[in-house]
Each structure stands twice: as structure tokens, then as C-alpha cells.
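Below is the file model-v6.txt, which contains compact mmCIF, C-alpha atoms and all ligand atoms.
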# COMPACT_ATOMS: atom_id res chain seq x y z
CA MET A 736 -32.09 74.49 -206.06
CA SER A 737 -31.58 70.70 -206.19
CA THR A 738 -33.40 68.41 -208.66
CA ILE A 739 -35.57 67.08 -205.82
CA GLU A 740 -36.62 70.56 -204.66
CA ALA A 741 -37.46 71.54 -208.26
CA GLN A 742 -40.03 68.71 -208.33
CA ARG A 743 -42.18 70.31 -205.63
CA ALA A 744 -45.71 71.18 -206.80
CA THR A 745 -46.30 74.94 -206.85
CA ASP A 746 -49.60 74.67 -204.89
CA ALA A 747 -49.97 73.22 -201.37
CA TYR A 748 -50.16 69.67 -202.83
CA ALA A 749 -47.62 67.43 -201.04
CA LEU A 750 -47.12 64.97 -203.94
CA ALA A 751 -44.92 65.64 -206.95
CA ARG A 752 -46.19 66.33 -210.46
CA THR A 753 -43.67 64.18 -212.32
CA PRO A 754 -44.00 61.35 -214.89
CA GLN A 755 -42.90 58.89 -212.14
CA GLU A 756 -45.66 60.11 -209.82
CA TYR A 757 -48.25 59.87 -212.63
CA GLU A 758 -47.17 56.25 -213.22
CA ARG A 759 -47.47 55.59 -209.47
CA LEU A 760 -51.03 56.97 -209.50
CA ARG A 761 -51.89 54.63 -212.41
CA ALA A 762 -50.43 51.64 -210.53
CA GLN A 763 -52.33 52.66 -207.37
CA SER A 764 -55.55 52.89 -209.42
CA ARG A 765 -55.06 49.33 -210.60
CA VAL A 766 -54.75 48.19 -206.97
CA TRP A 767 -58.05 49.85 -205.99
CA GLU A 768 -59.96 49.16 -209.21
CA ALA A 769 -62.12 46.39 -207.67
CA ALA A 770 -62.94 48.51 -204.59
CA THR A 771 -63.96 51.49 -206.70
CA SER A 772 -65.92 49.32 -209.16
CA ARG A 773 -67.84 47.89 -206.22
CA LEU A 774 -68.96 51.37 -205.15
CA LEU A 775 -69.90 52.41 -208.70
CA ASP A 776 -72.04 49.26 -208.89
CA GLN A 777 -73.43 49.88 -205.40
CA VAL A 778 -74.97 53.19 -206.55
CA ALA A 779 -76.23 51.47 -209.74
CA LEU A 780 -74.55 53.78 -212.23
CA ALA A 781 -76.86 53.45 -215.24
CA PRO A 782 -76.26 53.75 -219.02
CA GLY A 783 -76.73 57.40 -220.09
CA ALA A 784 -75.83 58.82 -216.65
CA ARG A 785 -73.85 62.06 -216.18
CA CYS A 786 -70.75 61.61 -213.96
CA LEU A 787 -68.11 63.84 -212.44
CA ASP A 788 -64.70 62.60 -211.23
CA ALA A 789 -63.29 65.39 -209.05
CA GLY A 790 -59.48 65.33 -208.79
CA CYS A 791 -59.51 62.75 -211.59
CA GLY A 792 -55.70 62.53 -211.87
CA PRO A 793 -54.76 60.00 -214.59
CA GLY A 794 -58.44 59.29 -215.38
CA GLU A 795 -58.57 55.62 -214.40
CA THR A 796 -61.90 56.00 -212.54
CA MET A 797 -63.30 57.98 -215.51
CA ARG A 798 -62.64 54.83 -217.55
CA LEU A 799 -64.67 52.72 -215.09
CA MET A 800 -67.49 55.27 -215.29
CA ALA A 801 -67.40 55.41 -219.10
CA GLN A 802 -67.67 51.61 -219.30
CA ARG A 803 -70.85 51.77 -217.19
CA VAL A 804 -72.63 54.83 -218.67
CA GLY A 805 -71.89 53.88 -222.29
CA PRO A 806 -71.79 56.24 -225.30
CA ALA A 807 -75.07 57.98 -224.31
CA GLY A 808 -73.60 58.98 -220.93
CA ARG A 809 -71.26 61.82 -220.06
CA VAL A 810 -68.10 61.61 -217.94
CA THR A 811 -66.39 64.83 -216.85
CA GLY A 812 -63.02 64.88 -215.11
CA ILE A 813 -61.77 67.94 -213.26
CA ASP A 814 -58.34 68.50 -211.76
CA VAL A 815 -55.99 71.40 -211.03
CA ASP A 816 -53.32 69.50 -212.96
CA ALA A 817 -54.22 70.37 -216.56
CA PRO A 818 -51.30 68.45 -218.21
CA LEU A 819 -52.27 65.26 -216.31
CA GLY A 820 -55.92 65.80 -217.28
CA ALA A 821 -54.89 66.13 -220.94
CA GLN A 822 -52.99 62.82 -220.70
CA ALA A 823 -56.05 61.20 -219.11
CA LEU A 824 -58.30 62.42 -221.92
CA THR A 825 -55.93 61.13 -224.62
CA MET A 826 -55.88 57.70 -222.93
CA LEU A 827 -59.70 57.63 -222.66
CA HIS A 828 -60.37 58.80 -226.22
CA ASP A 829 -57.78 56.34 -227.60
CA ALA A 830 -59.69 53.58 -225.75
CA GLY A 831 -62.89 54.70 -227.53
CA HIS A 832 -64.48 56.54 -224.59
CA ARG A 833 -65.48 59.65 -226.56
CA GLN A 834 -68.11 60.58 -223.95
CA CYS A 835 -65.28 61.72 -221.63
CA ARG A 836 -64.19 65.31 -221.25
CA PHE A 837 -61.73 67.14 -219.00
CA ALA A 838 -61.82 70.64 -217.53
CA PRO A 839 -59.04 72.20 -215.44
CA HIS A 840 -60.69 73.23 -212.18
CA ASP A 841 -59.65 74.01 -208.61
CA ILE A 842 -62.27 72.63 -206.21
CA THR A 843 -61.16 75.07 -203.49
CA THR A 844 -62.54 78.02 -205.51
CA ASP A 845 -66.16 79.16 -205.78
CA GLU A 846 -66.15 78.77 -209.59
CA PRO A 847 -69.20 76.70 -210.66
CA LEU A 848 -68.38 73.05 -211.37
CA PRO A 849 -68.31 72.64 -215.16
CA GLY A 850 -71.23 70.57 -216.48
CA ALA A 851 -73.19 70.36 -213.17
CA PRO A 852 -75.55 68.84 -212.15
CA PHE A 853 -74.47 65.17 -212.27
CA ASP A 854 -76.15 61.84 -211.50
CA LEU A 855 -72.88 60.79 -209.84
CA VAL A 856 -70.26 63.01 -208.24
CA TYR A 857 -67.21 60.99 -207.23
CA ALA A 858 -63.88 61.87 -205.59
CA ARG A 859 -61.06 59.48 -204.64
CA LEU A 860 -58.01 60.64 -202.68
CA LEU A 861 -58.89 64.30 -203.26
CA LEU A 862 -60.33 65.53 -199.94
CA PHE A 863 -57.32 63.92 -198.16
CA HIS A 864 -55.14 66.60 -199.79
CA LEU A 865 -57.31 69.62 -199.04
CA ALA A 866 -57.14 71.78 -195.91
CA GLU A 867 -60.56 73.23 -196.93
CA ARG A 868 -62.15 69.77 -197.18
CA VAL A 869 -65.58 70.63 -195.72
CA ALA A 870 -66.15 73.48 -198.19
CA ALA A 871 -64.94 71.29 -201.06
CA LEU A 872 -67.27 68.45 -200.03
CA ARG A 873 -70.20 70.88 -199.85
CA ARG A 874 -69.42 72.04 -203.42
CA LEU A 875 -69.37 68.41 -204.59
CA TRP A 876 -72.75 67.74 -202.92
CA ASP A 877 -74.23 70.89 -204.51
CA ALA A 878 -73.28 69.46 -207.93
CA VAL A 879 -75.32 66.26 -207.37
CA ALA A 880 -78.67 66.24 -209.23
CA PRO A 881 -81.80 65.33 -207.23
CA GLY A 882 -81.94 61.50 -207.12
CA GLY A 883 -78.20 61.31 -207.85
CA HIS A 884 -75.30 60.12 -205.66
CA LEU A 885 -72.16 61.48 -204.03
CA VAL A 886 -69.42 58.85 -203.56
CA VAL A 887 -66.12 59.57 -201.82
CA GLN A 888 -63.16 57.26 -201.19
CA ASP A 889 -60.22 58.34 -199.06
CA TYR A 890 -57.25 56.96 -197.20
CA ASP A 891 -56.73 56.33 -193.51
CA LEU A 892 -52.98 55.97 -193.00
CA ARG A 893 -53.17 54.59 -189.44
CA SER A 894 -53.20 51.01 -190.73
CA VAL A 895 -49.79 51.25 -192.46
CA THR A 896 -47.46 48.75 -190.76
CA VAL A 897 -44.84 46.09 -191.42
CA GLU A 898 -44.94 43.05 -189.09
CA PRO A 899 -42.60 42.51 -187.30
CA ALA A 900 -41.79 46.23 -187.33
CA LEU A 901 -38.71 47.59 -189.09
CA GLU A 902 -37.00 50.87 -188.14
CA SER A 903 -36.39 51.73 -191.80
CA ALA A 904 -40.08 51.31 -192.65
CA ALA A 905 -41.07 53.38 -189.61
CA GLU A 906 -38.79 56.20 -190.81
CA CYS A 907 -40.40 56.11 -194.29
CA ARG A 908 -43.81 56.24 -192.63
CA ARG A 909 -42.74 59.20 -190.44
CA VAL A 910 -41.58 61.26 -193.40
CA ILE A 911 -44.71 60.47 -195.42
CA VAL A 912 -47.17 61.21 -192.58
CA GLU A 913 -45.37 64.38 -191.46
CA SER A 914 -45.13 65.68 -195.04
CA PHE A 915 -48.85 65.22 -195.65
CA SER A 916 -49.70 66.78 -192.28
CA ALA A 917 -47.43 69.78 -192.95
CA ALA A 918 -49.31 70.30 -196.24
CA GLY A 919 -52.64 70.49 -194.37
CA CYS A 920 -53.80 66.93 -195.12
CA ASP A 921 -55.73 64.86 -192.59
CA VAL A 922 -54.01 61.47 -192.76
CA ASN A 923 -56.91 59.78 -190.90
CA LEU A 924 -59.52 61.27 -193.22
CA GLY A 925 -61.05 58.00 -194.43
CA ALA A 926 -62.50 57.09 -191.03
CA LEU A 927 -63.72 60.65 -190.57
CA LEU A 928 -65.85 60.72 -193.74
CA PRO A 929 -69.18 60.35 -191.87
CA ASP A 930 -68.19 63.31 -189.67
CA LEU A 931 -67.15 65.29 -192.75
CA PHE A 932 -70.50 64.53 -194.43
CA ALA A 933 -72.26 65.87 -191.30
CA GLN A 934 -70.11 69.02 -191.21
CA ALA A 935 -70.86 69.68 -194.89
CA GLY A 936 -74.62 69.50 -194.17
CA ILE A 937 -75.05 66.29 -196.21
CA GLY A 938 -76.21 64.10 -193.31
CA ALA A 939 -75.15 60.56 -192.43
CA PRO A 940 -73.88 58.46 -195.37
CA ASP A 941 -76.30 55.84 -196.74
CA GLY A 942 -73.42 53.36 -196.61
CA THR A 943 -69.69 52.95 -196.05
CA ASP A 944 -67.07 50.55 -197.37
CA VAL A 945 -63.63 49.69 -195.97
CA THR A 946 -61.01 47.99 -198.14
CA GLY A 947 -57.52 46.97 -197.11
CA ARG A 948 -54.51 45.37 -198.77
CA LEU A 949 -51.94 43.10 -197.15
CA GLU A 950 -48.92 42.09 -199.22
CA PRO A 951 -45.32 40.97 -198.69
CA LEU A 952 -42.83 43.77 -198.09
CA GLY A 953 -40.97 42.73 -201.24
CA ASP A 954 -44.04 43.84 -203.24
CA ALA A 955 -45.16 46.76 -201.04
CA GLN A 956 -41.69 48.34 -201.09
CA ARG A 957 -42.28 49.83 -204.55
CA MET A 958 -45.40 51.80 -203.52
CA ILE A 959 -43.92 52.97 -200.19
CA THR A 960 -40.73 54.12 -201.92
CA GLY A 961 -42.82 55.78 -204.64
CA VAL A 962 -44.86 57.80 -202.13
CA TYR A 963 -41.72 58.69 -200.15
CA THR A 964 -39.97 59.91 -203.30
CA SER A 965 -43.07 61.84 -204.35
CA VAL A 966 -43.36 63.77 -201.04
CA LEU A 967 -39.60 64.23 -200.69
CA ALA A 968 -39.43 67.78 -202.10
CA ALA A 969 -42.22 68.87 -199.74
CA ALA A 970 -40.52 67.01 -196.85
CA ILE A 971 -37.20 68.77 -197.43
CA GLY A 972 -38.99 72.12 -197.86
CA SER A 973 -40.70 71.63 -194.47
CA GLY A 974 -37.52 70.47 -192.69
CA ILE A 975 -38.90 66.95 -192.11
CA THR A 976 -35.80 65.33 -193.60
CA THR A 977 -32.77 66.29 -195.66
CA GLU A 978 -31.57 65.02 -199.02
CA GLU A 979 -28.70 63.13 -197.35
CA ARG A 980 -30.85 61.58 -194.62
CA ALA A 981 -33.49 60.59 -197.21
CA ALA A 982 -30.90 58.84 -199.40
CA ALA A 983 -29.63 56.88 -196.36
CA SER A 984 -33.21 55.99 -195.26
CA LEU A 985 -34.20 54.76 -198.73
CA SER A 986 -31.06 52.67 -198.99
CA ARG A 987 -31.68 51.09 -195.54
CA PHE A 988 -35.31 50.40 -196.47
CA ALA A 989 -34.31 48.77 -199.78
CA GLY A 990 -31.80 46.59 -197.90
CA ASP A 991 -34.44 45.51 -195.36
CA ALA A 992 -36.95 44.76 -198.13
CA THR A 993 -34.36 42.47 -199.75
CA ARG A 994 -33.57 40.79 -196.41
CA PHE A 995 -37.19 40.42 -195.26
CA PRO A 996 -39.28 40.27 -198.47
CA ASP A 997 -42.01 38.13 -196.85
CA ARG A 998 -42.86 40.44 -193.92
CA PRO A 999 -46.59 41.21 -194.13
CA THR A 1000 -47.15 44.89 -194.96
CA LEU A 1001 -50.50 46.60 -194.56
CA TRP A 1002 -51.47 49.44 -196.92
CA PRO A 1003 -53.59 52.43 -195.91
CA LEU A 1004 -57.28 51.58 -195.63
CA LEU A 1005 -59.35 52.90 -198.53
CA ILE A 1006 -62.62 54.01 -196.96
CA GLY A 1007 -65.70 54.89 -198.99
CA ALA A 1008 -68.94 56.66 -198.11
CA TRP A 1009 -71.95 57.46 -200.28
CA LYS A 1010 -75.20 59.35 -200.10
CA ARG A 1011 -78.20 59.70 -202.46
CA LYS A 1012 -79.68 63.20 -202.79
CA PRO A 1013 -83.45 63.14 -202.33
CA THR A 1014 -85.64 64.31 -205.22
CA GLY A 1015 -87.80 67.42 -204.71
CA ALA A 1016 -90.88 65.27 -204.08
CA GLU A 1017 -89.04 63.13 -201.51
CA SER A 1018 -87.85 66.25 -199.66
CA GLU A 1019 -91.43 67.58 -199.61
CA ARG A 1020 -92.75 64.33 -198.14
CA THR A 1021 -90.25 64.39 -195.25
CA ARG A 1022 -91.17 68.00 -194.28
C1 LIG A 1101 -53.69 61.40 -205.13
S1 LIG A 1101 -54.28 62.02 -206.63
C2 LIG A 1101 -55.71 60.97 -206.92
C3 LIG A 1101 -56.11 60.95 -208.38
C4 LIG A 1101 -57.33 60.07 -208.69
N1 LIG A 1101 -58.52 60.55 -208.05
C5 LIG A 1101 -57.06 58.64 -208.29
O1 LIG A 1101 -57.61 58.17 -207.29
O2 LIG A 1101 -56.28 57.98 -209.01
C6 LIG A 1101 -55.06 63.57 -206.17
C7 LIG A 1101 -55.50 64.40 -207.36
O3 LIG A 1101 -56.21 65.55 -206.86
C8 LIG A 1101 -55.80 66.68 -207.62
N2 LIG A 1101 -56.03 67.89 -206.84
C9 LIG A 1101 -55.31 68.33 -205.77
N3 LIG A 1101 -55.83 69.49 -205.32
C10 LIG A 1101 -56.89 69.78 -206.11
C11 LIG A 1101 -57.83 70.87 -206.14
N4 LIG A 1101 -57.75 71.88 -205.28
N5 LIG A 1101 -58.81 70.86 -207.09
C12 LIG A 1101 -58.86 69.83 -208.00
N6 LIG A 1101 -58.00 68.81 -208.02
C13 LIG A 1101 -57.02 68.77 -207.09
C14 LIG A 1101 -54.33 66.42 -207.89
O4 LIG A 1101 -53.85 67.21 -208.96
C15 LIG A 1101 -54.33 64.92 -208.18
O5 LIG A 1101 -54.54 64.65 -209.54
Written as C-alpha cells, that's how I'd like the structure from this file.
Ligand SMILES: C[S@@+](CC[C@H](N)C(=O)[O-])C[C@H]1O[C@@H](n2cnc3c(N)ncnc32)[C@H](O)[C@@H]1O
Amino acid sequence: MSTIEAQRATDAYALARTPQEYERLRAQSRVWEAATSRLLDQVALAPGARCLDAGCGPGETMRLMAQRVGPAGRVTGIDVDAPLGAQALTMLHDAGHRQCRFAPHDITTDEPLPGAPFDLVYARLLLFHLAERVAALRRLWDAVAPGGHLVVQDYDLRSVTVEPALESAAECRRVIVESFSAAGCDVNLGALLPDLFAQAGIGAPDGTDVTGRLEPLGDAQRMITGVYTSVLAAAIGSGITTEERAAASLSRFAGDATRFPDRPTLWPLLIGAWKRKPTGAESERTR
């Protein structure tokens, strides 16, 4: 088995579970920090509130929650990746956010969500990765306390383009999209969130939010190459590319990024949707 193949996650997850991938997730979190903060403020996350970050990864959104709920609040992160969760908790506790805790948990199982119910249940870039996304979303909604909120943010990959187009970038995009699709992901999920809410019995979202990012190829190259490298083991395992072809593609893409560093490059759209759960009295009144 090659080094690349050994990096493949043991579950259906298309991304790698390597230190490089964890760093990429932290960098990606920094890019979307303002968009996520806006949604946390939109649902008026109050001091003392109880929050869940489902699929918390490196814990960067837990930090944003902890800053808002203060020491009297409670922030729980869950993730199937226990070592990454442990790293997140160390970072949060070192930063003084002692109200944060982490529990290893697979959202595709029927195990009760640890610490439920919550005033805020949040998930970013989690449902994208799950074939059983409707059932998972229903579990997240069940964990929302009456009067609390569900907030979801997910990618829609259709926007990803370099202008004018480059063959090397299109090949990177092909491998990334096909790898996610082969792993059961819906790469257009962001735009489908209202439909997913309906399928999960939640009803229409109270609001939605669409955020994009346009940057020169010279800057965007790092994230595109990072995602490509992260899905590469899954891509090779599914026959989407080979180690040799991937090395040639990455080298061509790096060359093009050096030659055309100013070409505008559009990231995936990050699309958010939220819904407040009615209190018992509110539900009674609408009957
Ligand atoms: C792309 S990362 C996003 C991490 C974080 N939410 C963020 O936006 O930075 C997806 C995360 O979902 C986690 N995950 C994947 N499948 C999961 C499952 N079935 N249950 C819980 N977490 C899962 C992964 O381990 C990973 O940490």
C-alpha cells in the first residue's frame, strides 16, 4: 500500500485524517469565520446558552460559540474523529474556554446526542459528507430545545471556477467532485438545504444566507491543492485518478498558478439555513 493510500479514512469520509488536513480545516475556518459569526449573531446566541457543534472538527466554531455564551454557557463538540476532537479541546481550554467539552459521536447512529437538549444546534460542512443526511438532520433538530435554533452551513461546489478557465484547474475540480460523489456526498447540498429541512420534517427555514469568496488563483491554489491532496487516497481507491496522473495534474496546476496568479477564482458557496423550534405554548396556539 502506498503512503497516499494509507492516508484514507477508514469510514466513508472522503477527506484524509492527517495533520495537513487538520491544518487545512483550521485555515478554511478562518476564511469563513465572519460568515459563521454572522449566523451566530443572527440567532442571538445569548450568554449562558447551551450549544452543540456537530462534526466540530478542529473546534474553531466552538470557540466562536464560547466567546458568545461566556463562562455560564456550555459548548459541546461532537465528531467521529476523537483525536481531532481532543486537539480541539486542548486548544479551547488553553484559550480559557473551560465551558467547552468534546464527546466522540457518530451522527449516523441512533445513540442519543450527549448533553441534549441545546439552545443552539449547529453543523458546518457535516451533512455534505453524509449519505444519510436527512436522518442526521432530523437527529440534530430533535436535539434543539423548545425556543432554540438549528443552524446549518454547507457547501455548494457548482460555483467553483477559474476565469478564464484552465484545463489544469478543471482536472483538479473533476477529481474533487467525483471523489466526494463516490463517497456519497451531495456536492450541491448548500442550495438544497431548504429541501433537506422539509424532508426532515423541520419545515421551511426562517432564513438563509449565501456567502462567496473570490480571490486570485495565486492565493486560491493552496486551498484547491489542499482539498485535492486530502481526497487523493479516496480518489485512487475509487479509480478516479492514479498516483502518477495526480502528480502530473498537480504539477501542471502549480505551473498555471505561477503563470496566471491573478486569474479570479471562485470558491464554493457557503450556504446557511436556520430555524427556531417553537415552544410548547407556541405549538399549542397554532393548532
Ligand atoms: C469538513 S470537516 C468540517 C469541520 C468543522 N465543522 C468546520 O467547519 O471546520 C467535517 C467534520 O465532520 C466529521 N464527521 C464526518 N462524519 C461524521 C459523522 N458521521 N458523525 C460525526 N462527525 C462526522 C469529520 O470527522 C470532520 O471533522
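A search radius of 12 Å centred on (-72.9, 59.0, -188.5), applied to only C-alpha atoms, returns the residues Ala926, Leu927, Leu928, Pro929, Asp930, Leu931, Phe932, Ala933, Gln934, Ile937, Gly938, Ala939, Pro940, Asp941, Gly942, Thr943, Ala1008, Trp1009 and Lys1010 of chain A.
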Quiz item: Using only C-alpha atoms, which residues sit within 8 Å of Ser973 (chain A) once same-chain residues fewer than 3 positions away are excluded, as an MDAnalysis selection string?
Solution: chainID A and resid 914 917 969:970
Exercise. May I have the residues within 7 Å of ligand LIG 1101 (chain A), computed using only C-alpha atoms and all ligand atoms, as number ranges by chain?
Key: A: 748, 760-761, 763-764, 789-796, 813-816, 840-843, 858-861, 864-865
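Reported to one decimal place, the separation of CA of Leu872 (chain A) from CA of Gln834 (chain A) is 25.2 Å.
One distance worth recording is that between CA of Glu979 (chain A) and CA of Ser894 (chain A), which is 28.1 Å.
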Practice problem: Give me the residues within 9 Å of Gly961 (chain A) as a PyMOL selection string, counting only C-alpha atoms and dropping any in the same chain fewer than 3 places off. | Solution: chain A and resi 755-756+759+956-958+964-966
Take the residues just selected and output them with C-alpha atoms as a PDB file, in the coordinates of the input.
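The file below, part.pdb, is the result:
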ATOM      1  CA  GLN A 755     -42.900  58.890-212.140  1.00  0.00           C
ATOM      2  CA  GLU A 756     -45.660  60.110-209.820  1.00  0.00           C
ATOM      3  CA  ARG A 759     -47.470  55.590-209.470  1.00  0.00           C
ATOM      4  CA  GLN A 956     -41.690  48.340-201.090  1.00  0.00           C
ATOM      5  CA  ARG A 957     -42.280  49.830-204.550  1.00  0.00           C
ATOM      6  CA  MET A 958     -45.400  51.800-203.520  1.00  0.00           C
ATOM      7  CA  THR A 964     -39.970  59.910-203.300  1.00  0.00           C
ATOM      8  CA  SER A 965     -43.070  61.840-204.350  1.00  0.00           C
ATOM      9  CA  VAL A 966     -43.360  63.770-201.040  1.00  0.00           C
TER      10      VAL A 966
END
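Considering all atoms listed in the file, the residue among A:Gly882, A:Gly820, A:Gly812, A:Gly972 positioned nearest to Tyr857 (chain A) is A:Gly812.
If you count all atoms listed in the file and draw a sphere of 9 Å around (-59.8, 59.1, -200.9), the protein and nucleic acid residues inside it come out as Ala858, Arg859, Leu860, Leu861, Leu862, Phe863, His864, Val887, Gln888, Asp889, Tyr890, Asp891, Leu924, Gly925, Leu1005, Ile1006 and Gly1007 of chain A.
Using all atoms listed in the file, the nearest neighbour of Gly990 (chain A) within the list A:Arg836, A:Ala866, A:Asp829, A:Ser903 is A:Ser903.
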As a CSV table (one decimal), in the coordinates of the input, could you write out region 922-933 of chain A once it has been completed with N, CA, C and O atoms?
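Output saved as result.csv:
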chain,number,residue,atom,x,y,z
A,922,VAL,N,-54.4,62.8,-192.3
A,922,VAL,CA,-54.0,61.5,-192.8
A,922,VAL,C,-55.0,60.4,-192.2
A,922,VAL,O,-54.8,59.2,-192.6
A,923,ASN,N,-55.9,60.7,-191.4
A,923,ASN,CA,-56.9,59.8,-190.9
A,923,ASN,C,-58.3,60.0,-191.6
A,923,ASN,O,-59.3,59.5,-191.1
A,924,LEU,N,-58.3,60.8,-192.7
A,924,LEU,CA,-59.5,61.3,-193.2
A,924,LEU,C,-60.6,60.2,-193.5
A,924,LEU,O,-61.8,60.4,-193.3
A,925,GLY,N,-60.1,59.0,-194.0
A,925,GLY,CA,-61.0,58.0,-194.4
A,925,GLY,C,-62.1,57.7,-193.4
A,925,GLY,O,-63.3,57.7,-193.6
A,926,ALA,N,-61.6,57.5,-192.1
A,926,ALA,CA,-62.5,57.1,-191.0
A,926,ALA,C,-63.4,58.3,-190.6
A,926,ALA,O,-64.4,58.1,-189.9
A,927,LEU,N,-63.0,59.5,-191.0
A,927,LEU,CA,-63.7,60.6,-190.6
A,927,LEU,C,-64.8,61.1,-191.6
A,927,LEU,O,-65.4,62.1,-191.4
A,928,LEU,N,-64.9,60.3,-192.7
A,928,LEU,CA,-65.8,60.7,-193.7
A,928,LEU,C,-67.3,61.0,-193.2
A,928,LEU,O,-67.9,62.0,-193.6
A,929,PRO,N,-67.8,60.1,-192.3
A,929,PRO,CA,-69.2,60.4,-191.9
A,929,PRO,C,-69.3,61.7,-191.2
A,929,PRO,O,-70.2,62.4,-191.3
A,930,ASP,N,-68.2,62.0,-190.4
A,930,ASP,CA,-68.2,63.3,-189.7
A,930,ASP,C,-68.1,64.5,-190.7
A,930,ASP,O,-68.8,65.5,-190.5
A,931,LEU,N,-67.3,64.3,-191.7
A,931,LEU,CA,-67.2,65.3,-192.8
A,931,LEU,C,-68.5,65.5,-193.5
A,931,LEU,O,-68.8,66.6,-193.8
A,932,PHE,N,-69.2,64.4,-193.8
A,932,PHE,CA,-70.5,64.5,-194.4
A,932,PHE,C,-71.4,65.4,-193.5
A,932,PHE,O,-72.1,66.3,-194.0
A,933,ALA,N,-71.4,65.1,-192.2
A,933,ALA,CA,-72.3,65.9,-191.3
A,933,ALA,C,-71.9,67.3,-191.3
A,933,ALA,O,-72.7,68.2,-191.4
